[in-house]
file upload_33.tsv (TSV, C-alpha atoms)
chain	number	residue	atom	x	y	z
A	248	MET	CA	0.00	0.00	0.00
A	249	ILE	CA	2.65	2.45	1.13
A	250	GLY	CA	4.85	1.35	-1.81
A	251	TYR	CA	2.19	2.32	-4.34
A	252	LEU	CA	1.63	5.68	-2.65
A	253	TRP	CA	5.37	6.36	-2.67
A	254	ALA	CA	5.86	5.38	-6.32
A	255	GLY	CA	2.73	7.28	-7.35
A	256	MET	CA	3.83	10.47	-5.60
A	257	ILE	CA	7.28	10.36	-7.22
A	258	CYS	CA	6.23	9.44	-10.77
A	259	LEU	CA	3.19	11.74	-10.97
A	260	SER	CA	5.18	14.63	-9.48
A	261	ILE	CA	7.97	14.31	-12.02
A	262	LEU	CA	5.40	13.99	-14.83
A	263	THR	CA	3.58	17.12	-13.62
A	264	ALA	CA	6.81	19.10	-13.45
A	265	ALA	CA	7.81	17.91	-16.93
A	266	LEU	CA	4.46	18.90	-18.46
A	267	THR	CA	4.39	22.32	-16.80
A	268	GLY	CA	7.98	23.22	-17.73
A	269	LYS	CA	9.25	23.02	-14.15
A	270	ILE	CA	11.53	20.00	-14.54
A	271	ASP	CA	14.45	22.02	-13.14
A	272	VAL	CA	12.88	22.07	-9.67
A	273	ILE	CA	12.99	18.26	-9.33
A	274	ALA	CA	16.67	17.60	-8.62
A	275	PRO	CA	17.13	20.38	-6.03
A	276	SER	CA	13.86	19.35	-4.37
A	277	ILE	CA	15.06	15.75	-4.01
A	278	PHE	CA	18.39	16.62	-2.41
A	279	ASP	CA	16.83	19.22	-0.18
A	280	SER	CA	14.31	16.70	1.14
A	281	ALA	CA	16.96	14.00	1.55
A	282	GLU	CA	18.90	16.37	3.77
A	283	GLN	CA	15.74	17.10	5.77
A	284	GLY	CA	15.22	13.36	6.23
A	285	VAL	CA	18.68	12.93	7.75
A	286	ALA	CA	18.14	16.02	9.91
A	287	ALA	CA	14.81	14.64	11.15
A	288	ALA	CA	16.44	11.34	12.17
A	289	PHE	CA	19.28	13.19	13.92
A	290	GLY	CA	16.73	15.40	15.62
A	291	LEU	CA	15.19	12.24	17.08
A	292	ILE	CA	18.46	11.04	18.64
A	293	SER	CA	18.33	13.44	21.58
A	294	ILE	CA	14.69	12.89	22.54
A	295	MET	CA	14.88	9.12	21.91
A	296	THR	CA	17.95	8.80	24.13
A	297	PHE	CA	16.51	10.87	26.96
A	298	TRP	CA	12.97	9.47	27.01
A	299	LEU	CA	14.08	5.83	26.63
A	300	GLY	CA	16.24	6.41	29.72
A	301	ILE	CA	13.25	7.82	31.61
A	302	MET	CA	11.14	4.94	30.34
A	303	LYS	CA	13.49	2.40	31.95
A	304	LEU	CA	13.21	4.36	35.21
A	305	ILE	CA	9.41	4.30	35.01
A	306	GLU	CA	9.57	0.51	34.70
A	307	ALA	CA	12.26	-0.02	37.35
A	308	SER	CA	10.61	2.27	39.91
A	309	GLY	CA	7.28	0.47	39.68
A	310	LEU	CA	5.47	3.58	38.43
A	311	ILE	CA	4.39	1.48	35.48
A	312	GLU	CA	2.13	-0.50	37.84
A	313	ILE	CA	0.18	2.69	38.60
A	314	LEU	CA	-0.24	3.38	34.87
A	315	LYS	CA	-1.37	-0.19	34.34
A	316	ARG	CA	-4.01	0.12	37.04
A	317	LEU	CA	-5.28	3.43	35.59
A	318	LEU	CA	-5.37	2.43	31.93
A	319	ARG	CA	-6.00	-1.31	32.28
A	320	PRO	CA	-9.61	-1.42	31.05
A	321	LEU	CA	-8.82	0.71	28.00
A	322	ALA	CA	-5.61	-1.12	27.08
A	323	TYR	CA	-7.14	-4.58	27.49
A	324	PHE	CA	-10.11	-3.52	25.37
A	325	LEU	CA	-7.89	-2.14	22.58
A	326	PHE	CA	-5.26	-4.89	22.68
A	327	PRO	CA	-6.99	-8.05	23.91
A	328	ALA	CA	-4.31	-10.41	22.51
A	329	LEU	CA	-1.33	-8.55	24.00
A	330	PRO	CA	0.28	-10.39	26.98
A	331	ARG	CA	-0.33	-8.19	30.02
A	332	ASP	CA	3.17	-8.22	31.46
A	333	HIS	CA	5.08	-8.01	28.20
A	334	PRO	CA	7.37	-4.95	27.69
A	335	ALA	CA	5.20	-4.09	24.67
A	336	MET	CA	2.25	-3.44	27.00
A	337	ASN	CA	4.41	-1.13	29.16
A	338	ALA	CA	5.52	0.91	26.15
A	339	VAL	CA	1.97	1.08	24.77
A	340	LEU	CA	0.68	2.39	28.12
A	341	MET	CA	3.43	5.02	28.39
A	342	ASN	CA	2.78	6.15	24.82
A	343	MET	CA	-0.94	6.50	25.54
A	344	SER	CA	-0.24	8.49	28.71
A	345	ALA	CA	2.20	10.80	26.91
A	346	ASN	CA	-0.32	11.43	24.14
A	347	VAL	CA	-3.12	12.31	26.54
A	348	LEU	CA	-0.84	14.66	28.49
A	349	GLY	CA	0.23	16.38	25.27
A	350	LEU	CA	3.86	15.31	25.62
A	351	GLY	CA	4.45	15.06	21.88
A	352	ASN	CA	8.19	14.59	22.09
A	353	ALA	CA	7.85	11.77	24.63
A	354	ALA	CA	4.98	10.04	22.82
A	355	THR	CA	7.11	9.38	19.71
A	356	PRO	CA	10.02	7.61	21.52
A	357	PHE	CA	7.56	5.54	23.59
A	358	GLY	CA	5.61	4.73	20.43
A	359	ILE	CA	8.70	3.64	18.51
A	360	LYS	CA	9.75	1.47	21.46
A	361	ALA	CA	6.25	-0.05	21.58
A	362	MET	CA	6.41	-0.90	17.87
A	363	GLU	CA	9.82	-2.60	18.33
A	364	GLU	CA	8.39	-4.66	21.20
A	365	LEU	CA	5.22	-5.50	19.24
A	366	GLN	CA	7.46	-6.72	16.43
A	367	ARG	CA	8.95	-9.33	18.81
A	368	LEU	CA	5.47	-10.82	19.17
A	369	ASN	CA	4.75	-10.64	15.45
A	370	PRO	CA	4.85	-14.02	13.65
A	371	LEU	CA	5.15	-12.41	10.19
A	372	ARG	CA	8.33	-10.33	10.19
A	373	ASP	CA	7.47	-8.02	7.28
A	374	THR	CA	3.70	-7.68	7.81
A	375	ALA	CA	2.04	-5.48	10.44
A	376	SER	CA	0.13	-7.43	13.10
A	377	ASP	CA	-3.41	-6.52	14.22
A	378	GLU	CA	-2.01	-4.94	17.39
A	379	MET	CA	0.47	-2.86	15.37
A	380	CYS	CA	-2.30	-1.56	13.11
A	381	THR	CA	-4.52	-0.64	16.07
A	382	PHE	CA	-1.59	1.04	17.82
A	383	LEU	CA	-0.75	3.00	14.69
A	384	ALA	CA	-4.38	4.06	14.21
A	385	LEU	CA	-4.39	5.30	17.79
A	386	ASN	CA	-1.24	7.36	17.22
A	387	THR	CA	-1.99	8.82	13.78
A	388	SER	CA	-5.30	10.12	15.10
A	389	SER	CA	-3.71	11.05	18.47
A	390	LEU	CA	-5.99	12.00	21.36
A	391	THR	CA	-4.91	15.59	22.05
A	392	LEU	CA	-6.36	17.14	25.16
A	393	LEU	CA	-3.95	20.09	25.30
A	394	PRO	CA	-3.19	21.61	21.87
A	395	THR	CA	-0.37	23.76	23.28
A	396	THR	CA	1.44	24.52	20.00
A	397	ILE	CA	-1.71	25.91	18.39
A	398	ILE	CA	-2.61	28.02	21.41
A	399	ALA	CA	0.86	29.58	21.35
A	400	LEU	CA	0.52	30.20	17.61
A	401	ARG	CA	-2.88	31.85	18.07
A	402	ALA	CA	-1.56	34.06	20.85
A	403	ALA	CA	1.37	35.10	18.64
A	404	ALA	CA	-1.06	35.97	15.82
A	405	GLY	CA	-2.91	38.35	18.14
A	406	SER	CA	-5.98	36.28	19.05
A	407	MET	CA	-8.37	37.81	21.61
A	408	ASN	CA	-8.90	34.35	23.11
A	409	PRO	CA	-6.21	31.85	22.07
A	410	GLY	CA	-7.66	29.03	24.20
A	411	GLU	CA	-11.18	29.12	22.76
A	412	ILE	CA	-10.37	26.26	20.38
A	413	VAL	CA	-9.65	23.75	23.19
A	414	GLY	CA	-13.27	22.56	23.26
A	415	THR	CA	-13.64	22.21	19.49
A	416	THR	CA	-10.24	20.47	19.28
A	417	ILE	CA	-11.29	17.91	21.89
A	418	VAL	CA	-14.51	17.16	19.98
A	419	ALA	CA	-12.60	16.80	16.68
A	420	THR	CA	-9.85	14.66	18.20
A	421	PHE	CA	-12.42	12.29	19.76
A	422	CYS	CA	-14.17	11.98	16.38
A	423	SER	CA	-10.95	11.18	14.53
A	424	THR	CA	-9.82	8.65	17.15
A	425	ALA	CA	-13.23	6.96	17.21
A	426	ALA	CA	-13.15	6.82	13.40
A	427	ALA	CA	-9.59	5.39	13.47
A	428	LEU	CA	-10.61	2.56	15.83
A	429	PHE	CA	-13.80	1.92	13.85
A	430	PHE	CA	-12.06	1.69	10.45
A	431	ASP	CA	-9.23	-0.35	11.97
A	432	ARG	CA	-11.70	-3.03	13.09
A	433	LEU	CA	-13.75	-2.77	9.89
A	434	LEU	CA	-10.82	-3.08	7.45
A	435	ARG	CA	-8.80	-5.61	9.47
A	436	ARG	CA	-10.16	-8.67	7.66
A	437	ARG	CA	-10.25	-7.16	4.16
A	438	ARG	CA	-7.89	-9.15	1.94
A	439	GLY	CA	-7.55	-6.31	-0.53
A	440	TRP	CA	-5.70	-4.13	1.95
A	441	THR	CA	-3.11	-6.69	2.98
A	442	LYS	CA	-0.26	-5.36	0.86
B	204	MET	CA	-9.00	31.22	31.57
B	205	ILE	CA	-8.66	27.96	29.61
B	206	ALA	CA	-5.61	29.30	27.78
B	207	SER	CA	-3.80	30.19	30.99
B	208	LEU	CA	-4.65	26.79	32.47
B	209	VAL	CA	-3.34	25.05	29.37
B	210	ASN	CA	-0.22	27.19	29.38
B	211	PHE	CA	0.31	26.42	33.06
B	212	LEU	CA	-0.01	22.68	32.42
B	213	SER	CA	2.20	22.73	29.34
B	214	VAL	CA	5.00	24.37	31.33
B	215	TRP	CA	4.63	22.18	34.44
B	216	VAL	CA	3.82	18.70	33.14
B	217	ILE	CA	7.30	17.68	31.93
B	218	PRO	CA	9.28	19.00	34.94
B	219	LEU	CA	6.81	17.41	37.37
B	220	ILE	CA	6.87	14.04	35.62
B	221	ILE	CA	10.67	13.92	35.44
B	222	ALA	CA	11.02	14.92	39.09
B	223	LEU	CA	8.40	12.38	40.17
B	224	VAL	CA	9.98	9.51	38.21
B	225	VAL	CA	13.49	10.17	39.48
B	226	LEU	CA	12.35	10.74	43.07
B	227	ILE	CA	10.23	7.59	43.26
B	228	ALA	CA	12.97	5.52	41.64
B	229	LEU	CA	15.37	6.86	44.25
B	230	LEU	CA	12.97	6.04	47.12
B	231	ARG	CA	12.53	2.51	45.77
B	232	ARG	CA	16.34	2.16	45.91
B	233	VAL	CA	16.70	1.82	42.15
B	234	ASN	CA	20.22	2.41	40.87
B	235	VAL	CA	18.88	5.48	39.06
B	236	PHE	CA	21.72	6.58	36.81
B	237	ASP	CA	22.67	3.04	35.72
B	238	VAL	CA	19.07	2.23	34.86
B	239	PHE	CA	18.67	5.52	32.96
B	240	ILE	CA	21.80	4.79	30.89
B	241	GLU	CA	20.66	1.25	30.20
B	242	GLY	CA	17.47	2.56	28.58
B	243	ALA	CA	19.07	5.57	26.92
B	244	LYS	CA	21.66	3.41	25.13
B	245	GLU	CA	19.06	2.27	22.62
B	246	GLY	CA	18.13	5.78	21.49
B	247	PHE	CA	20.96	6.32	19.05
B	248	LYS	CA	20.68	3.04	17.18
B	249	THR	CA	16.92	3.36	16.73
B	250	SER	CA	17.14	6.94	15.44
B	251	VAL	CA	19.91	6.26	12.94
B	252	HIS	CA	18.06	3.16	11.75
B	253	LEU	CA	15.22	5.50	10.68
B	254	ILE	CA	17.33	7.55	8.22
B	255	PRO	CA	16.45	5.57	5.04
B	256	PHE	CA	12.73	5.58	5.88
B	257	LEU	CA	12.66	9.33	6.55
B	258	VAL	CA	14.75	10.21	3.49
B	259	GLY	CA	12.55	8.08	1.23
B	260	MET	CA	9.30	9.51	2.52
B	261	LEU	CA	10.41	13.16	2.70
B	262	VAL	CA	11.73	13.04	-0.89
B	263	ALA	CA	8.33	11.85	-2.14
B	264	ILE	CA	6.53	14.53	-0.10
B	265	GLY	CA	8.93	17.25	-1.28
B	266	LEU	CA	8.36	16.30	-4.93
B	267	PHE	CA	4.59	16.22	-4.46
B	268	ARG	CA	4.73	19.80	-3.11
B	269	ASP	CA	7.48	21.35	-5.28
B	270	SER	CA	6.36	19.88	-8.63
B	271	GLY	CA	3.01	21.67	-8.43
B	272	LEU	CA	1.08	18.38	-8.26
B	273	MET	CA	-0.30	19.29	-4.86
B	274	ASP	CA	-1.60	22.67	-6.08
B	275	LEU	CA	-3.13	20.95	-9.08
B	276	GLY	CA	-5.06	18.61	-6.79
B	277	ILE	CA	-6.10	21.48	-4.53
B	278	ASN	CA	-7.38	23.55	-7.46
B	279	LEU	CA	-9.36	20.56	-8.68
B	280	ILE	CA	-11.20	19.74	-5.47
B	281	THR	CA	-11.64	23.23	-3.96
B	282	PRO	CA	-14.62	24.19	-6.21
B	283	LEU	CA	-16.27	20.82	-5.47
B	284	LEU	CA	-15.88	21.33	-1.72
B	285	ALA	CA	-17.09	24.92	-2.00
B	286	LYS	CA	-20.46	23.47	-3.02
B	287	LEU	CA	-20.52	21.75	0.37
B	288	ASN	CA	-19.89	25.12	2.07
B	289	ILE	CA	-16.29	24.29	2.94
B	290	PRO	CA	-14.16	27.47	2.81
B	291	ALA	CA	-11.49	27.45	0.08
B	292	GLU	CA	-8.74	28.56	2.52
B	293	ILE	CA	-9.08	25.39	4.56
B	294	VAL	CA	-8.71	22.85	1.71
B	295	PRO	CA	-4.90	23.06	1.22
B	296	LEU	CA	-4.45	22.62	4.97
B	297	ALA	CA	-6.69	19.55	5.02
B	298	ILE	CA	-4.58	17.98	2.27
B	299	MET	CA	-1.24	18.92	3.85
B	300	ARG	CA	-2.10	17.96	7.45
B	301	PRO	CA	-1.66	14.17	7.11
B	302	ILE	CA	1.45	14.61	4.92
B	303	SER	CA	3.72	17.12	6.66
B	304	GLY	CA	3.55	18.48	10.20
B	305	SER	CA	5.87	21.44	9.67
B	306	ALA	CA	4.30	22.49	6.34
B	307	SER	CA	0.76	22.31	7.74
B	308	LEU	CA	1.79	24.30	10.81
B	309	ALA	CA	3.20	26.98	8.47
B	310	MET	CA	-0.08	26.93	6.52
B	311	THR	CA	-2.07	27.38	9.73
B	312	ALA	CA	0.10	30.36	10.68
B	313	ASP	CA	-0.42	31.80	7.19
B	314	ILE	CA	-4.23	31.41	7.40
B	315	MET	CA	-4.17	33.24	10.75
B	316	GLN	CA	-2.12	36.05	9.23
B	317	ARG	CA	-4.46	36.47	6.27
B	318	CYS	CA	-7.88	35.83	7.82
B	319	GLY	CA	-7.18	36.53	11.51
B	320	PRO	CA	-6.94	33.94	14.29
B	321	ASP	CA	-10.45	34.74	15.52
B	322	SER	CA	-12.16	34.40	12.12
B	323	LEU	CA	-14.21	31.27	11.48
B	324	VAL	CA	-11.55	29.99	9.06
B	325	GLY	CA	-8.79	30.75	11.59
B	326	ARG	CA	-10.62	28.77	14.26
B	327	MET	CA	-11.27	25.88	11.86
B	328	ALA	CA	-7.58	25.80	10.89
B	329	SER	CA	-6.55	25.81	14.58
B	330	THR	CA	-8.94	22.95	15.39
B	331	MET	CA	-7.78	20.89	12.39
B	332	GLN	CA	-4.10	21.42	13.09
B	333	GLY	CA	-4.45	20.61	16.79
B	334	SER	CA	-6.73	17.60	16.70
B	335	THR	CA	-4.69	15.09	14.69
B	336	GLU	CA	-1.15	13.87	14.06
B	337	THR	CA	0.88	13.75	10.84
B	338	THR	CA	-0.28	10.33	9.62
B	339	LEU	CA	2.44	9.75	7.02
B	340	TYR	CA	5.26	10.68	9.43
B	341	ILE	CA	3.95	8.43	12.21
B	342	LEU	CA	3.46	5.56	9.76
B	343	THR	CA	6.96	5.95	8.29
B	344	VAL	CA	8.74	6.23	11.62
B	345	TYR	CA	6.78	3.61	13.60
B	346	PHE	CA	6.74	0.92	10.92
B	347	GLY	CA	10.28	1.83	9.89
B	348	ALA	CA	11.53	1.20	13.43
B	349	ALA	CA	9.85	-2.20	13.49
B	350	GLY	CA	11.01	-3.15	9.98
B	351	ILE	CA	7.47	-3.56	8.63
B	352	SER	CA	7.05	-3.22	4.86
B	353	LYS	CA	3.52	-4.62	4.48
B	354	THR	CA	1.38	-2.08	6.30
B	355	ARG	CA	-2.02	-3.70	5.52
B	356	HIS	CA	-4.95	-1.36	6.19
B	357	ALA	CA	-2.99	1.08	8.38
B	358	LEU	CA	-2.58	3.85	5.78
B	359	VAL	CA	-6.23	3.81	4.69
B	360	THR	CA	-7.35	3.74	8.33
B	361	GLY	CA	-5.14	6.73	9.19
B	362	LEU	CA	-6.36	8.78	6.23
B	363	LEU	CA	-10.03	7.97	6.86
B	364	ALA	CA	-9.54	9.00	10.49
B	365	ASP	CA	-8.00	12.31	9.35
B	366	LEU	CA	-10.91	12.91	7.00
B	367	SER	CA	-13.39	12.19	9.81
B	368	GLY	CA	-11.49	14.59	12.09
B	369	PHE	CA	-11.58	17.37	9.46
B	370	ILE	CA	-15.31	16.96	8.85
B	371	ALA	CA	-15.85	17.02	12.62
B	372	ALA	CA	-13.62	20.12	12.98
B	373	ILE	CA	-15.52	22.03	10.29
B	374	ALA	CA	-18.93	20.98	11.64
B	375	ILE	CA	-18.17	21.76	15.30
B	376	CYS	CA	-16.59	25.14	14.47
B	377	LYS	CA	-19.61	26.10	12.39
B	378	ALA	CA	-21.91	25.04	15.23
B	379	VAL	CA	-19.95	26.80	18.00
B	380	PHE	CA	-18.49	29.88	16.28
B	381	GLY	CA	-20.53	30.15	13.05

call {"tool": "encode", "arguments": {"input": "upload_33.tsv", "output": "structure tokens"}}
result
Amino acid sequence: MIGYLWAGMICLSILTAALTGKIDVIAPSIFDSAEQGVAAAFGLISIMTFWLGIMKLIEASGLIEILKRLLRPLAYFLFPALPRDHPAMNAVLMNMSANVLGLGNAATPFGIKAMEELQRLNPLRDTASDEMCTFLALNTSSLTLLPTTIIALRAAAGSMNPGEIVGTTIVATFCSTAAALFFDRLLRRRRGWTK
Amino acid sequence: MIASLVNFLSVWVIPLIIALVVLIALLRRVNVFDVFIEGAKEGFKTSVHLIPFLVGMLVAIGLFRDSGLMDLGINLITPLLAKLNIPAEIVPLAIMRPISGSASLAMTADIMQRCGPDSLVGRMASTMQGSTETTLYILTVYFGAAGISKTRHALVTGLLADLSGFIAAIAICKAVFG
């Protein structure tokens, strides 16, 4: 699926540029983006290193047991087949907590760690498991209760009431997360999407 | 009121969590620094492992934007969506949001500059930008880290969820602010 999207974006883009006489933008665009890709990965090193260290402390200190007790019903409902004391469950719970608290730069390291742990339980090495798809759906639609970046942006733009969009954002984020979980369950057994 | 509460929380949450984790670990007689290092060691390898996935995806996104293909698509669907009473300013943002976090944030800032943050369009843009994540980035990074190449229904699910979120954002903003 992702392969077709990738190939389609590249081929159609180059075709469009060729037909509109903008073929000279293609090469610089490619090398510019490649550099951004490396920069993005390097930008992750610092937050990955720090938050994975904190994550180990959360596990070693027993704080994870408190998270488990708080989020147990939700996590067991979303991931019924996931062994309850597996490291994957710990990472999933920490990622969910970070998302709800609006800790964007902690949610990504926890999420990546969770995916690596889910991969250990995955019988098909190259194919996403049901749990991985549900976990991804949960993260792409992200439950945001505190849209801090946007509020700061609105304040900077001179809004009379930068926080007035908190309520509408919460409604929209619940809708997108509910839709993500719904479509995840609906499309799970469709053979056509298994590429 | 809400804004100051949110600002308060956004400044305090991280320091409080870090202090709490370290303090409780200390009280439970965990060898804090050793345990921290043990976890932190994995950060570098995982991040560097993501380079090919990020380069591949960002090149495709960059081409889509720079070649004019994205604008072509936007110009095609904007008149159709206008018939559904969806403001033209919001359409490029809705297309960019699942693809690039930084580009869509820049678009949101631009909409606020042009239309004002307290206009209906400005509020819709804020709600859209804040309520969802960058689907393509999350998919690339998360599946890249796990080494998954067959993503099954994950992409379609993510995009349908984004679409649902946008429709909800437009509808709720019209209901509350319209």

call {"tool": "atom_distance", "arguments": {"input": "upload_33.tsv", "atom1": "atom CA of B:Arg232", "atom2": "atom CA of A:Leu304"}}
result
11.4 Å

call {"tool": "atom_distance", "arguments": {"input": "upload_33.tsv", "atom1": "atom CA of B:Gly347", "atom2": "atom CA of A:Asp373"}}
result
10.6 Å

call {"tool": "closest_atom_pairs", "arguments": {"input": "upload_33.tsv", "of": "chain B", "to": "chain A", "cutoff": "6 Å", "atoms": "all atoms listed in the file", "output": "CSV"}}
result
residue,atom,partner,partner_atom,distance
B:Ile205,CA,A:Gly410,CA,5.6
B:Ala206,CA,A:Gly410,CA,4.1
B:Ala228,CA,A:Ser308,CA,4.4
B:Phe239,CA,A:Gly300,CA,4.1
B:Ile240,CA,A:Gly300,CA,5.9
B:Gly242,CA,A:Gly300,CA,4.2
B:Ala243,CA,A:Gly300,CA,4.1
B:Gly246,CA,A:Thr296,CA,4.0
B:Phe247,CA,A:Ile292,CA,5.4
B:Ser250,CA,A:Ile292,CA,5.4
B:Ile254,CA,A:Ala288,CA,5.5
B:Leu257,CA,A:Gly284,CA,4.8
B:Val258,CA,A:Gly284,CA,4.2
B:Leu261,CA,A:Ser280,CA,5.5
B:Val262,CA,A:Ser280,CA,4.9
B:Ala263,CA,A:Ile257,CA,5.4
B:Gly265,CA,A:Ser280,CA,5.9
B:Leu266,CA,A:Ser260,CA,5.8
B:Phe267,CA,A:Ser260,CA,5.3
B:Ser270,CA,A:Ala264,CA,4.9
B:Leu272,CA,A:Ser260,CA,5.7
B:Pro320,CA,A:Ser406,CA,5.4
B:Asp321,CA,A:Ser406,CA,5.9
B:Thr330,CA,A:Thr416,CA,4.8
B:Gly333,CA,A:Pro394,CA,5.3
B:Ser334,CA,A:Thr420,CA,4.5
B:Thr335,CA,A:Ser388,CA,5.0
B:Glu336,CA,A:Thr387,CA,5.1
B:Thr338,CA,A:Thr387,CA,4.7
B:Tyr345,CA,A:Ile359,CA,5.3
B:Ala349,CA,A:Glu363,CA,4.9
B:Ile351,CA,A:Asp373,CA,4.7
B:Ser352,CA,A:Asp373,CA,5.4
B:Lys353,CA,A:Thr374,CA,4.5
B:Thr354,CA,A:Ala375,CA,5.4
B:Arg355,CA,A:Thr441,CA,4.1
B:His356,CA,A:Trp440,CA,5.1
B:Ala357,CA,A:Cys380,CA,5.5
B:Thr360,CA,A:Phe430,CA,5.6
B:Gly361,CA,A:Ala384,CA,5.7
B:Ala364,CA,A:Ala427,CA,4.7
B:Ser367,CA,A:Ser423,CA,5.4
B:Gly368,CA,A:Ser423,CA,4.2
B:Ala371,CA,A:Ala419,CA,5.2
B:Ala372,CA,A:Ala419,CA,5.1

call {"tool": "closest_residue", "arguments": {"input": "upload_33.tsv", "among": "A:Leu266, A:Ile311, A:Leu329, A:Val339", "to": "A:Leu368", "atoms": "only C-alpha atoms"}}
result
A:Leu329

call {"tool": "atom_distance", "arguments": {"input": "upload_33.tsv", "atom1": "atom CA of B:Ala312", "atom2": "atom CA of B:Trp215"}}
result
25.5 Å

call {"tool": "closest_residue", "arguments": {"input": "upload_33.tsv", "among": "A:His333, A:Ser344, A:Pro370, A:Asn352", "to": "A:Leu317", "atoms": "only C-alpha atoms"}}
result
A:Ser344

call {"tool": "closest_residue", "arguments": {"input": "upload_33.tsv", "among": "B:Leu339, B:Ile220, B:Val209, B:Ala309", "to": "B:Leu362", "atoms": "all atoms listed in the file"}}
result
B:Leu339

call {"tool": "build_atoms", "arguments": {"input": "upload_33.tsv", "residues": "stretch 422-439 of chain A", "atoms": "N, CA and C atoms", "output": "PDB file, in the frame of the given file"}}
result
ATOM      1  N   CYS A 422     -13.578  12.505  17.615  1.00  0.00           N
ATOM      2  CA  CYS A 422     -14.170  11.980  16.380  1.00  0.00           C
ATOM      3  C   CYS A 422     -13.139  11.243  15.555  1.00  0.00           C
ATOM      4  N   SER A 423     -11.937  11.824  15.396  1.00  0.00           N
ATOM      5  CA  SER A 423     -10.950  11.180  14.530  1.00  0.00           C
ATOM      6  C   SER A 423     -10.432   9.895  15.179  1.00  0.00           C
ATOM      7  N   THR A 424     -10.283   9.878  16.495  1.00  0.00           N
ATOM      8  CA  THR A 424      -9.820   8.650  17.150  1.00  0.00           C
ATOM      9  C   THR A 424     -10.886   7.556  17.093  1.00  0.00           C
ATOM     10  N   ALA A 425     -12.145   7.943  17.314  1.00  0.00           N
ATOM     11  CA  ALA A 425     -13.230   6.960  17.210  1.00  0.00           C
ATOM     12  C   ALA A 425     -13.285   6.396  15.793  1.00  0.00           C
ATOM     13  N   ALA A 426     -13.134   7.268  14.788  1.00  0.00           N
ATOM     14  CA  ALA A 426     -13.150   6.820  13.400  1.00  0.00           C
ATOM     15  C   ALA A 426     -11.974   5.886  13.132  1.00  0.00           C
ATOM     16  N   ALA A 427     -10.789   6.219  13.680  1.00  0.00           N
ATOM     17  CA  ALA A 427      -9.590   5.390  13.470  1.00  0.00           C
ATOM     18  C   ALA A 427      -9.834   3.981  14.011  1.00  0.00           C
ATOM     19  N   LEU A 428     -10.383   3.880  15.227  1.00  0.00           N
ATOM     20  CA  LEU A 428     -10.610   2.560  15.830  1.00  0.00           C
ATOM     21  C   LEU A 428     -11.691   1.796  15.059  1.00  0.00           C
ATOM     22  N   PHE A 429     -12.719   2.538  14.619  1.00  0.00           N
ATOM     23  CA  PHE A 429     -13.800   1.920  13.850  1.00  0.00           C
ATOM     24  C   PHE A 429     -13.279   1.347  12.530  1.00  0.00           C
ATOM     25  N   PHE A 430     -12.561   2.161  11.755  1.00  0.00           N
ATOM     26  CA  PHE A 430     -12.060   1.690  10.450  1.00  0.00           C
ATOM     27  C   PHE A 430     -11.008   0.605  10.618  1.00  0.00           C
ATOM     28  N   ASP A 431     -10.230   0.681  11.701  1.00  0.00           N
ATOM     29  CA  ASP A 431      -9.230  -0.350  11.970  1.00  0.00           C
ATOM     30  C   ASP A 431      -9.904  -1.712  12.107  1.00  0.00           C
ATOM     31  N   ARG A 432     -10.978  -1.764  12.907  1.00  0.00           N
ATOM     32  CA  ARG A 432     -11.700  -3.030  13.090  1.00  0.00           C
ATOM     33  C   ARG A 432     -12.399  -3.455  11.805  1.00  0.00           C
ATOM     34  N   LEU A 433     -12.971  -2.482  11.093  1.00  0.00           N
ATOM     35  CA  LEU A 433     -13.750  -2.770   9.890  1.00  0.00           C
ATOM     36  C   LEU A 433     -12.868  -3.335   8.768  1.00  0.00           C
ATOM     37  N   LEU A 434     -11.657  -2.740   8.600  1.00  0.00           N
ATOM     38  CA  LEU A 434     -10.820  -3.080   7.450  1.00  0.00           C
ATOM     39  C   LEU A 434      -9.850  -4.223   7.749  1.00  0.00           C
ATOM     40  N   ARG A 435      -9.789  -4.633   9.033  1.00  0.00           N
ATOM     41  CA  ARG A 435      -8.800  -5.610   9.470  1.00  0.00           C
ATOM     42  C   ARG A 435      -8.834  -6.892   8.634  1.00  0.00           C
ATOM     43  N   ARG A 436     -10.037  -7.368   8.344  1.00  0.00           N
ATOM     44  CA  ARG A 436     -10.160  -8.670   7.660  1.00  0.00           C
ATOM     45  C   ARG A 436     -10.246  -8.549   6.144  1.00  0.00           C
ATOM     46  N   ARG A 437     -10.176  -7.324   5.614  1.00  0.00           N
ATOM     47  CA  ARG A 437     -10.250  -7.160   4.160  1.00  0.00           C
ATOM     48  C   ARG A 437      -8.964  -7.639   3.495  1.00  0.00           C
ATOM     49  N   ARG A 438      -9.078  -8.617   2.611  1.00  0.00           N
ATOM     50  CA  ARG A 438      -7.890  -9.150   1.940  1.00  0.00           C
ATOM     51  C   ARG A 438      -7.230  -8.106   1.029  1.00  0.00           C
ATOM     52  N   GLY A 439      -8.057  -7.274   0.444  1.00  0.00           N
ATOM     53  CA  GLY A 439      -7.550  -6.310  -0.530  1.00  0.00           C
ATOM     54  C   GLY A 439      -6.544  -5.318   0.037  1.00  0.00           C
TER      55      GLY A 439
END
